[in-house]
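Chemist: Input file: coords_11.cif. Contents: mmCIF, C-alpha atoms and all ligand atoms.
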```cif
data_run
loop_
_atom_site.label_atom_id
_atom_site.label_comp_id
_atom_site.auth_asym_id
_atom_site.auth_seq_id
_atom_site.Cartn_x
_atom_site.Cartn_y
_atom_site.Cartn_z
CA MET Z 42 63.47 -77.68 213.09
CA SER Z 43 61.12 -75.16 214.69
CA ASN Z 44 63.00 -76.14 217.82
CA ALA Z 45 66.23 -74.80 216.31
CA TYR Z 46 64.50 -71.50 215.47
CA ASP Z 47 63.17 -71.28 219.04
CA LYS Z 48 66.67 -71.80 220.44
CA ALA Z 49 68.11 -69.27 218.01
CA ASN Z 50 65.53 -66.72 219.13
CA GLU Z 51 66.39 -67.41 222.78
CA LEU Z 52 70.07 -66.94 221.97
CA GLY Z 53 69.31 -63.69 220.15
CA ARG Z 54 67.47 -62.39 223.19
CA VAL Z 55 70.29 -63.39 225.55
CA LEU Z 56 72.80 -61.67 223.28
CA LYS Z 57 70.72 -58.51 223.16
CA GLU Z 58 70.57 -58.45 226.96
CA SER Z 59 74.28 -59.21 227.38
CA ASP Z 60 76.73 -56.68 228.86
CA GLU Z 61 78.74 -56.94 225.64
CA PHE Z 62 75.83 -55.81 223.52
CA LYS Z 63 74.65 -53.11 225.92
CA GLN Z 64 78.13 -51.59 226.12
CA LEU Z 65 78.50 -51.71 222.37
CA ALA Z 66 75.12 -50.05 221.79
CA GLU Z 67 75.89 -47.30 224.31
CA LEU Z 68 79.27 -46.49 222.77
CA HIS Z 69 77.88 -46.69 219.25
CA ASN Z 70 75.19 -44.14 220.13
CA LYS Z 71 77.68 -41.86 221.87
CA VAL Z 72 79.95 -41.82 218.81
CA ASN Z 73 76.96 -41.15 216.55
CA GLU Z 74 76.03 -38.14 218.64
CA ASP Z 75 79.58 -36.74 218.48
CA GLU Z 76 79.90 -35.27 214.98
CA GLN Z 77 83.72 -35.09 215.12
CA ALA Z 78 84.15 -38.64 216.39
CA LYS Z 79 81.68 -39.94 213.84
CA GLN Z 80 83.51 -38.27 210.95
CA MET Z 81 86.85 -39.61 212.16
CA LEU Z 82 85.50 -43.14 212.42
CA ASP Z 83 83.69 -43.00 209.06
CA ASN Z 84 86.90 -41.81 207.45
CA PHE Z 85 88.86 -44.68 209.03
CA ARG Z 86 86.26 -47.27 208.03
CA GLY Z 87 86.20 -45.94 204.48
CA ILE Z 88 89.97 -46.35 204.14
CA GLN Z 89 89.87 -49.78 205.77
CA MET Z 90 87.13 -51.00 203.43
CA GLU Z 91 88.90 -49.67 200.36
CA LEU Z 92 92.12 -51.50 201.24
CA GLN Z 93 90.30 -54.72 202.13
CA GLN Z 94 88.54 -54.71 198.78
CA LYS Z 95 91.84 -54.24 197.00
CA GLN Z 96 93.37 -57.15 198.91
CA MET Z 97 90.37 -59.37 198.22
CA GLN Z 98 90.82 -58.68 194.53
CA GLY Z 99 94.42 -59.86 194.81
CA MET Z 100 95.92 -56.39 194.43
CA GLU Z 101 99.02 -55.49 196.36
CA LEU Z 102 98.91 -52.45 198.65
CA SER Z 103 101.55 -49.76 198.21
CA GLU Z 104 103.88 -48.61 201.01
CA GLU Z 105 102.02 -45.32 200.96
CA GLU Z 106 98.60 -46.91 201.38
CA ILE Z 107 99.79 -49.06 204.28
CA GLN Z 108 101.38 -46.08 206.02
CA LYS Z 109 98.29 -43.93 205.52
CA ALA Z 110 96.07 -46.65 206.99
CA GLN Z 111 98.44 -47.06 209.93
CA SER Z 112 98.53 -43.37 210.76
CA VAL Z 113 94.72 -43.05 210.54
CA PHE Z 114 94.46 -46.11 212.79
CA GLU Z 115 96.82 -44.57 215.36
CA LEU Z 116 94.76 -41.38 215.23
CA VAL Z 117 91.42 -43.08 215.92
CA GLN Z 118 92.99 -45.16 218.68
CA GLN Z 119 93.97 -41.98 220.50
CA HIS Z 120 90.32 -40.91 220.51
CA GLU Z 121 89.05 -42.42 223.76
CA LEU Z 122 85.43 -42.87 222.71
CA ILE Z 123 86.32 -44.42 219.36
CA SER Z 124 88.94 -46.73 220.83
CA LYS Z 125 86.43 -47.88 223.46
CA LEU Z 126 83.87 -48.53 220.71
CA MET Z 127 86.41 -50.50 218.71
CA GLU Z 128 87.26 -52.60 221.76
CA ALA Z 129 83.57 -53.25 222.39
CA GLU Z 130 83.15 -54.25 218.72
CA GLN Z 131 86.05 -56.64 219.05
CA ARG Z 132 84.57 -58.29 222.15
CA MET Z 133 81.20 -58.65 220.42
CA SER Z 134 82.81 -60.02 217.30
CA GLN Z 135 84.77 -62.53 219.40
CA LEU Z 136 81.54 -63.62 221.10
CA ILE Z 137 79.68 -64.00 217.79
CA GLY Z 138 82.66 -65.88 216.37
CA ASP Z 139 82.69 -68.28 219.33
CA ILE Z 140 78.95 -68.82 218.97
CA ASN Z 141 79.25 -69.52 215.25
CA LYS Z 142 81.97 -72.08 215.98
CA ILE Z 143 79.78 -73.83 218.56
CA ILE Z 144 76.83 -73.93 216.15
CA ALA Z 145 78.94 -75.13 213.22
CA GLU Z 146 80.69 -77.84 215.25
CA PRO Z 147 78.52 -80.76 214.09
CA LEU Z 148 79.06 -79.69 210.46
CA GLU Z 149 82.79 -79.29 211.01
CA GLU Z 150 82.93 -82.80 212.41
CA LEU Z 151 80.94 -84.18 209.50
CA TYR Z 152 82.96 -82.46 206.78
CA GLY Z 153 86.29 -82.93 208.52
CA MET Z 154 85.69 -86.68 208.72
CA GLY Z 155 85.20 -87.61 205.08
CA GLN Z 156 88.42 -86.08 203.86
CA GLU Z 157 91.75 -87.72 204.08
CA MET I 258 78.01 -63.81 228.71
CA SER I 259 78.37 -67.40 229.89
CA ASN I 260 74.61 -67.42 229.40
CA ALA I 261 75.11 -66.78 225.67
CA TYR I 262 77.57 -69.68 225.48
CA ASP I 263 75.08 -71.93 227.27
CA LYS I 264 72.35 -70.99 224.79
CA ALA I 265 74.72 -71.49 221.87
CA ASN I 266 75.58 -74.96 223.17
CA GLU I 267 71.89 -75.78 223.52
CA LEU I 268 71.32 -74.59 219.95
CA GLY I 269 74.25 -76.68 218.72
CA ARG I 270 72.77 -79.77 220.36
CA VAL I 271 69.31 -79.09 218.88
CA LEU I 272 70.86 -78.66 215.43
CA LYS I 273 72.80 -81.89 215.76
CA GLU I 274 69.59 -83.73 216.65
CA SER I 275 67.55 -82.08 213.89
CA ASP I 276 66.17 -84.04 210.93
CA GLU I 277 68.06 -81.69 208.64
CA PHE I 278 71.39 -82.62 210.18
CA LYS I 279 70.68 -86.33 210.47
CA GLN I 280 69.65 -86.53 206.80
CA LEU I 281 72.71 -84.57 205.76
CA ALA I 282 75.04 -86.79 207.77
CA GLU I 283 73.49 -89.96 206.38
CA LEU I 284 73.77 -88.80 202.76
CA HIS I 285 77.28 -87.47 203.31
CA ASN I 286 78.39 -90.86 204.64
CA LYS I 287 76.69 -92.72 201.79
CA VAL I 288 78.46 -90.60 199.19
CA ASN I 289 81.77 -91.08 200.98
CA GLU I 290 81.32 -94.85 200.83
CA ASP I 291 80.56 -94.75 197.09
CA GLU I 292 83.92 -94.24 195.39
CA GLN I 293 82.39 -93.20 192.04
CA ALA I 294 79.96 -90.72 193.58
CA LYS I 295 82.69 -89.28 195.77
CA GLN I 296 85.02 -88.73 192.81
CA MET I 297 82.24 -87.09 190.80
CA LEU I 298 81.38 -84.75 193.67
CA ASP I 299 85.03 -83.92 194.45
CA ASN I 300 85.56 -83.07 190.80
CA PHE I 301 82.50 -80.81 190.75
CA ARG I 302 83.53 -79.08 193.98
CA GLY I 303 87.04 -78.54 192.68
CA ILE I 304 85.73 -76.81 189.56
CA GLN I 305 83.25 -74.77 191.57
CA MET I 306 85.93 -73.57 193.98
CA GLU I 307 88.32 -72.67 191.19
CA LEU I 308 85.71 -70.51 189.45
CA GLN I 309 84.60 -68.88 192.71
CA GLN I 310 88.17 -67.91 193.51
CA LYS I 311 88.56 -66.37 190.08
CA GLN I 312 85.37 -64.36 190.50
CA MET I 313 86.40 -63.19 193.97
CA GLN I 314 89.61 -61.91 192.47
CA GLY I 315 87.56 -59.89 190.00
CA MET I 316 88.47 -62.07 187.02
CA GLU I 317 85.89 -62.68 184.35
CA LEU I 318 84.97 -66.26 183.51
CA SER I 319 85.21 -67.43 179.90
CA GLU I 320 82.25 -68.87 177.98
CA GLU I 321 84.10 -72.18 178.04
CA GLU I 322 84.56 -72.21 181.80
CA ILE I 323 80.90 -71.39 182.41
CA GLN I 324 79.75 -74.11 180.02
CA LYS I 325 82.09 -76.67 181.58
CA ALA I 326 80.80 -75.85 185.08
CA GLN I 327 77.22 -76.09 183.84
CA SER I 328 77.67 -79.48 182.22
CA VAL I 329 79.44 -80.90 185.29
CA PHE I 330 76.61 -79.51 187.42
CA GLU I 331 74.00 -81.18 185.21
CA LEU I 332 75.95 -84.42 185.46
CA VAL I 333 76.09 -84.46 189.26
CA GLN I 334 72.42 -83.50 189.48
CA GLN I 335 71.52 -86.62 187.54
CA HIS I 336 73.27 -88.73 190.19
CA GLU I 337 70.48 -89.41 192.66
CA LEU I 338 72.62 -89.75 195.77
CA ILE I 339 74.66 -86.63 195.02
CA SER I 340 71.63 -84.55 194.12
CA LYS I 341 69.95 -85.63 197.38
CA LEU I 342 73.09 -84.67 199.30
CA MET I 343 73.19 -81.29 197.60
CA GLU I 344 69.54 -80.69 198.48
CA ALA I 345 70.21 -81.65 202.09
CA GLU I 346 73.21 -79.28 202.14
CA GLN I 347 71.03 -76.49 200.82
CA ARG I 348 68.40 -77.08 203.49
CA MET I 349 71.06 -77.08 206.21
CA SER I 350 72.68 -73.99 204.79
CA GLN I 351 69.27 -72.24 204.70
CA LEU I 352 68.71 -73.20 208.34
CA ILE I 353 72.16 -71.96 209.43
CA GLY I 354 71.62 -68.77 207.42
CA ASP I 355 68.27 -68.15 209.12
CA ILE I 356 69.84 -68.76 212.51
CA ASN I 357 72.69 -66.38 211.79
CA LYS I 358 70.18 -63.71 210.78
CA ILE I 359 68.23 -64.16 214.01
CA ILE I 360 71.40 -63.95 216.10
CA ALA I 361 72.73 -60.91 214.24
CA GLU I 362 69.42 -59.03 214.39
CA PRO I 363 70.29 -56.79 217.36
CA LEU I 364 73.57 -55.84 215.65
CA GLU I 365 71.78 -55.19 212.36
CA GLU I 366 69.38 -52.89 214.16
CA LEU I 367 72.20 -51.07 215.90
CA TYR I 368 74.33 -50.57 212.79
CA GLY I 369 71.39 -49.87 210.52
CA MET I 370 70.24 -47.06 212.79
CA GLY I 371 73.28 -44.78 212.82
CA GLN I 372 73.53 -44.54 209.06
CA GLU I 373 71.46 -42.20 206.98
CA CA P 1 73.91 -39.24 212.47
CA CA P 2 87.04 -91.82 201.69
#
```
Just dump the structure as structure tokens.
Modeler:
Amino acid sequence: MSNAYDKANELGRVLKESDEFKQLAELHNKVNEDEQAKQMLDNFRGIQMELQQKQMQGMELSEEEIQKAQSVFELVQQHELISKLMEAEQRMSQLIGDINKIIAEPLEELYGMGQE
Amino acid sequence: MSNAYDKANELGRVLKESDEFKQLAELHNKVNEDEQAKQMLDNFRGIQMELQQKQMQGMELSEEEIQKAQSVFELVQQHELISKLMEAEQRMSQLIGDINKIIAEPLEELYGMGQE
């Protein structure tokens, strides 16, 4: 068991030293230092979170809400720094997702097996 | 990056060879071979999932639903094999949770920092 924690710590260190993480951290800090970019991104994230919560609660989104979210998304994508940050977040999230799949594989096998 | 995948694979192997996983797999297989235990557990899981989905959709649970879930839970806990399996699942889930926290630590630090 302590062995698993050791390996997890090694993995954490490797992730922290990865190009993916370094790029993400750099872009994150740049956006945080740019008041206008930060406001734009916070605004977008706020809208995104609001709509996700509605969907999770089984509520349907209105035409207007979907269009508003789309236009704010197009706006932030035109901001080079923000769009680079969002790409870096996506790469990191892909990497973390892949890692979680690898780690959960034995459990997947176990719980996939017993069901027919 | 490939380095992170290598470490994740190492971690996956260590987990698969851990006492926690081996105990879980053994109990899982025993329950699956015991038709009565399996039915009892499937029934409990079905009820649990139904109520979780309701809660996630923001619906309130009735007194009756809560009491039913509680009595089924007490029933499965009295079944030695099932209660052992559930304990093993909890230990594994604790381990995976700890590992996820360790891996996500650099991201937590990064995203905790920019917010005030
Ligand atoms: Ca700030
Ligand atoms: Ca079976």
Chemist: Counting all atoms listed in the file, a student should be able to say which residues of chain I come within 8 Å of chain Z; what is the right answer, written as a PyMOL selection string?
Modeler: chain I and resi 258+260-262+264-269+271-273+275-277+282+285-286+289+313-315+356+359-363+367+371
Chemist: For a test of reading the model, state the distance in Å between atom CA of Ala345 of chain I and atom CA of Ile323 of chain I, rounded to one decimal.
Modeler: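 It comes out at 24.6 Å.
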Chemist: Can you work out the spacing between atom CA of Met127 of chain Z and atom CA of Gln64 of chain Z in Å, to one decimal?
Modeler: 11.2 Å
Chemist: List as a VMD selection string the protein and nucleic acid residues near segment 334-341 of chain I, meaning an atom at most 8 Å away when only C-alpha atoms are counted, but skip any in the same chain fewer than 2 places from it.
Modeler: chain I and resid 284 287 to 288 294 298 330 to 332 343 to 345
Chemist: Considering all atoms listed in the file, can you say which of Z:Gln77, Z:Gly138, Z:Leu126, Z:Lys63 comes closest to ligand CA 1 (chain P)?
Modeler: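 The answer is Z:Gln77, which sits nearest to ligand CA 1 (chain P).
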Chemist: So what do you get for atom CA of Asp83 of chain Z versus atom CA of Glu106 of chain Z, distance-wise?
Modeler: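 Calculated distance between atom CA of Asp83 of chain Z and atom CA of Glu106 of chain Z is 17.2 Å.
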Chemist: So that all listed atoms of segment 273-287 of chain I fit with 4 Å spare on each side, what axis-aligned box centre and edge lengths in Å, to one decimal, would you give as lines of an AutoDock Vina configuration file?
Modeler:
```
center_x = 72.3
center_y = -87.2
center_z = 209.2
size_x = 20.2
size_y = 19.0
size_z = 22.9
```
Chemist: Would you please work out which residue, of Z:Glu91, Z:Asp75, Z:Glu130, Z:Glu149, is nearest to ligand CA 1 (chain P) when using all atoms listed in the file?
Modeler: Z:Asp75
